[in-house]
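Accompanying notes for the structure given below.
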Amino acid sequence: MRVGLGSLPAEPGGENEDFAATAPGAAVLLDGAGTSGAETGCKHGVAWFSATLGGLLLSTITAHPHRSLAACLADSIQVVRSLHEDTCDLTCRAGPTSTVVAVRAGAGVLQHLVLGDSSLLLARKDGKTTVVTDRRLDDVGKRLRGPVDALPTGSPEHAVALAEYRDTLTSLRNRPGGFWIAGPDPQAAGHALTGAVPLESLSSLTLLSDGASRLVDRFELTTWQETLAVLNSSGPDELIRRVREAEAGDPAGRRWPRGKARDDATVLHWVLS
């Protein structure tokens with residue numbers, strides 16, 4: 001098991017709300033989210049939520065290899081809830097949430113789970129790639145973010161439009177017709193995308209937060225095959241460097257409209273053979 005891990009916060013020295021970790025035969029990646037500047041109801045913060053949930057999930061999926069990944073995620077969400085429901089207002093719509101990607105190898109199979117807009121890149125020995133991404137958040141966002149994308153990223157007007165967009169988005173969180181993400185409700189785990197692939201068919205797998213995958217799926221500057229070549233030759237840090245280079249070339253978001261000029265970026269690349 002050879003694993004490369006790279007992660008950078010959106011701003012140098014800033015808090016990184018992504019979390020990624022690995023154990024023998026398993027890995028997780030979470031991309032924490034909250035509503036910047038809004039009252040979250042939680043005294044701990046987004047980074048605490050994603051790191052706490054991620055650590056518990058990794059422990060649970062390795063300690064209980066016969067339980068489904070969705071059941072392990074539901075259990076982990078419930079435990080995190082119990083850790084702060086007496087001190088925090090978990091009914092607050094702007095409270096911390098997180099995407100989740102989890103994988104576990106065993107009995108000749110790789111099981112995977114994806115909840116939210118982080119991605120899992122599966123590279124097969126025959127040279128083909130498959131990307132698993134939960135697009136429900138993107139689908140909802142496309143219907144709502146026109147006013148945001150029309151304004152320069154970082155401008156006062158953009159900040160106002162972004163706050164309104166995020167407020168509307170949170171009203172559609174974890175409900176039919178909206179999108180699903182890890183938060184205070186364990187039932188969200190049951191809406192994750194799950195699957196299994198024969199281990200013998202895979203050469204590698206890669207977990208990416210959307211701050212890292214944007215080079216492909218938002219900026220469209222490269223393909224997944226080319227991304228895989230970079231990871232195999234130079235590792236996650238080089239991929240993140242290229243993301244930062246692209247972001248620096250479009251700081252106002254005119255070429256690539258986006259909520260954040262820069263985002264936390266995390267890549268976990270696991271080479272199987």
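In the structure tokens, chains take letters A, B, ... by order of appearance, with residues numbered from 1 within each chain and ligands from 1 in the order shown.
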
If we count only C-alpha atoms, what is near Thr40 (chain A) at a cut-off of 7 Å, once residues fewer than 5 positions away on the same chain are taken out, given as a PyMOL selection string? chain A and resi 92+94-96

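Residues in contact range of Ser98 (chain A), defined as at most 10 Å between only C-alpha atoms, with sequence neighbours fewer than 2 positions away removed, read Glu17, Asp18, Phe19, Leu29, Leu30, Asp31, Gly32, Ala33, Gly34, Val46, Ala47, Phe49, Ser50, Ala51, Leu53, Gly54, Pro96, Val100, Val101, Leu115, Gly116, Asp117, Ser118, Trp180, Ile181, Ala182 and Gly183 of chain A.
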
Give one line per residue of region 36-148 of chain A that approaches region 208-225 of chain A to at most 9 Å, naming the two atoms of the closest pair and their distance in Å to one decimal, counting only C-alpha atoms; sort by chain then ascending residue number and deliver it as JSON lines.
```
{"residue": "A:Thr99", "atom": "CA", "partner": "A:Ser209", "partner_atom": "CA", "distance": 8.4}
{"residue": "A:Val101", "atom": "CA", "partner": "A:Leu208", "partner_atom": "CA", "distance": 8.4}
{"residue": "A:Asp117", "atom": "CA", "partner": "A:Asp210", "partner_atom": "CA", "distance": 6.4}
{"residue": "A:Ser118", "atom": "CA", "partner": "A:Ser209", "partner_atom": "CA", "distance": 4.6}
{"residue": "A:Ser119", "atom": "CA", "partner": "A:Leu208", "partner_atom": "CA", "distance": 5.2}
{"residue": "A:Leu120", "atom": "CA", "partner": "A:Leu208", "partner_atom": "CA", "distance": 6.4}
{"residue": "A:Leu121", "atom": "CA", "partner": "A:Leu208", "partner_atom": "CA", "distance": 7.9}
{"residue": "A:Ala123", "atom": "CA", "partner": "A:Gln225", "partner_atom": "CA", "distance": 8.7}
{"residue": "A:Gly127", "atom": "CA", "partner": "A:Gln225", "partner_atom": "CA", "distance": 8.7}
{"residue": "A:Lys128", "atom": "CA", "partner": "A:Gln225", "partner_atom": "CA", "distance": 8.2}
{"residue": "A:Thr129", "atom": "CA", "partner": "A:Gln225", "partner_atom": "CA", "distance": 7.0}
{"residue": "A:Thr130", "atom": "CA", "partner": "A:Trp224", "partner_atom": "CA", "distance": 8.7}
{"residue": "A:Val131", "atom": "CA", "partner": "A:Trp224", "partner_atom": "CA", "distance": 8.2}
```

Create the file for the chosen residues now, containing C-alpha atoms and written as a JSON list (two decimals), in the first residue's frame.
```
[["chain", "number", "residue", "atom", "x", "y", "z"],
["A", 99, "THR", "CA", -18.62, 15.99, 2.08],
["A", 101, "VAL", "CA", -15.36, 10.01, 0.41],
["A", 117, "ASP", "CA", -19.15, 17.06, -4.27],
["A", 118, "SER", "CA", -15.77, 15.53, -3.49],
["A", 119, "SER", "CA", -14.54, 12.92, -5.99],
["A", 120, "LEU", "CA", -13.14, 9.41, -6.22],
["A", 121, "LEU", "CA", -10.95, 8.63, -9.24],
["A", 123, "ALA", "CA", -7.80, 3.93, -12.36],
["A", 127, "GLY", "CA", -5.99, 2.13, -18.72],
["A", 128, "LYS", "CA", -9.56, 3.32, -18.25],
["A", 129, "THR", "CA", -10.65, 5.69, -15.49],
["A", 130, "THR", "CA", -13.93, 6.08, -13.65],
["A", 131, "VAL", "CA", -14.85, 9.12, -11.56]]
```

Can you tell me how far CA of Pro257 (chain A) sits from CA of Gly146 (chain A), in Å to one decimal? 9.6 Å

Would you mind reading off the distance between CA of Pro186 (chain A) and CA of Gln78 (chain A), one decimal, in Å?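 Those two atoms sit 5.7 Å apart.
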
Please provide as a ChimeraX atom specification all residues within 8 Å of Pro251 (chain A), with the sequence filter that same-chain residues fewer than 4 positions apart are discarded (counting only C-alpha atoms). /A:153,247,261

Picked from region 16-121 of chain A by DSSP as strand (DSSP E or B), as number ranges by chain: A: 18-23, 26-33, 97-98, 100-106, 109-115, 119-121

Write a file of the selected residues as a compact mmCIF listing (two decimals), in the first residue's frame, keeping C-alpha atoms.
```txt
# COMPACT_ATOMS: atom_id res chain seq x y z
CA ASP A 18 -10.41 19.51 4.57
CA PHE A 19 -9.43 16.28 6.29
CA ALA A 20 -7.85 13.14 4.84
CA ALA A 21 -6.36 10.06 6.48
CA THR A 22 -5.54 6.45 5.74
CA ALA A 23 -5.19 3.16 7.57
CA ALA A 26 -8.93 2.10 4.09
CA ALA A 27 -8.96 5.86 3.45
CA VAL A 28 -11.26 8.83 3.97
CA LEU A 29 -11.43 12.40 2.71
CA LEU A 30 -13.82 15.08 3.97
CA ASP A 31 -14.30 18.65 2.77
CA GLY A 32 -15.84 20.73 5.53
CA ALA A 33 -18.29 23.49 4.74
CA THR A 97 -21.25 20.10 7.35
CA SER A 98 -18.89 18.00 5.25
CA VAL A 100 -17.37 12.43 2.54
CA VAL A 101 -15.36 10.01 0.41
CA ALA A 102 -14.55 6.66 2.02
CA VAL A 103 -12.96 3.51 0.62
CA ARG A 104 -12.24 0.11 2.17
CA ALA A 105 -10.44 -2.86 0.65
CA GLY A 106 -11.22 -6.40 1.71
CA VAL A 109 -13.18 -5.90 -3.36
CA LEU A 110 -12.86 -2.14 -3.00
CA GLN A 111 -16.00 -0.68 -1.42
CA HIS A 112 -16.58 3.04 -1.86
CA LEU A 113 -18.91 5.77 -0.63
CA VAL A 114 -19.27 9.35 -1.88
CA LEU A 115 -21.51 11.99 -0.30
CA SER A 119 -14.54 12.92 -5.99
CA LEU A 120 -13.14 9.41 -6.22
CA LEU A 121 -10.95 8.63 -9.24
```

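With only C-alpha atoms as the atoms that count, the minimum distance from Thr266 (chain A) to the choices A:Gly55, A:Gly190, A:Pro152, A:Gly235 is reached by A:Gly235.
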
Where in region 37-261 of chain A does DSSP assign helix (DSSP H, G or I), given as a VMD selection string? chain A and resid 46 to 63 69 to 84 136 to 144 146 to 149 156 to 170 186 to 191 199 to 201 210 to 217 224 to 234 236 to 248

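CA of Leu137 (chain A) is found 15.3 Å from CA of Leu162 (chain A).
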
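Comparing A:Glu39, A:Asp263, A:Asp139, A:Asp134 by their smallest distance to His191 (chain A), the closest is A:Asp134 (using only C-alpha atoms).
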
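With only C-alpha atoms as the atoms that count, the minimum distance from Ala71 (chain A) to the choices A:Cys42, A:Leu8, A:Ala192, A:Ala107 is reached by A:Ala192.
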
Which of these, A:Val271, A:Leu5, A:Val140, A:Ala252, has the shortest distance to Ser203 (chain A) once you count only C-alpha atoms?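 Of all the options, A:Val271 lies closest to Ser203 (chain A).
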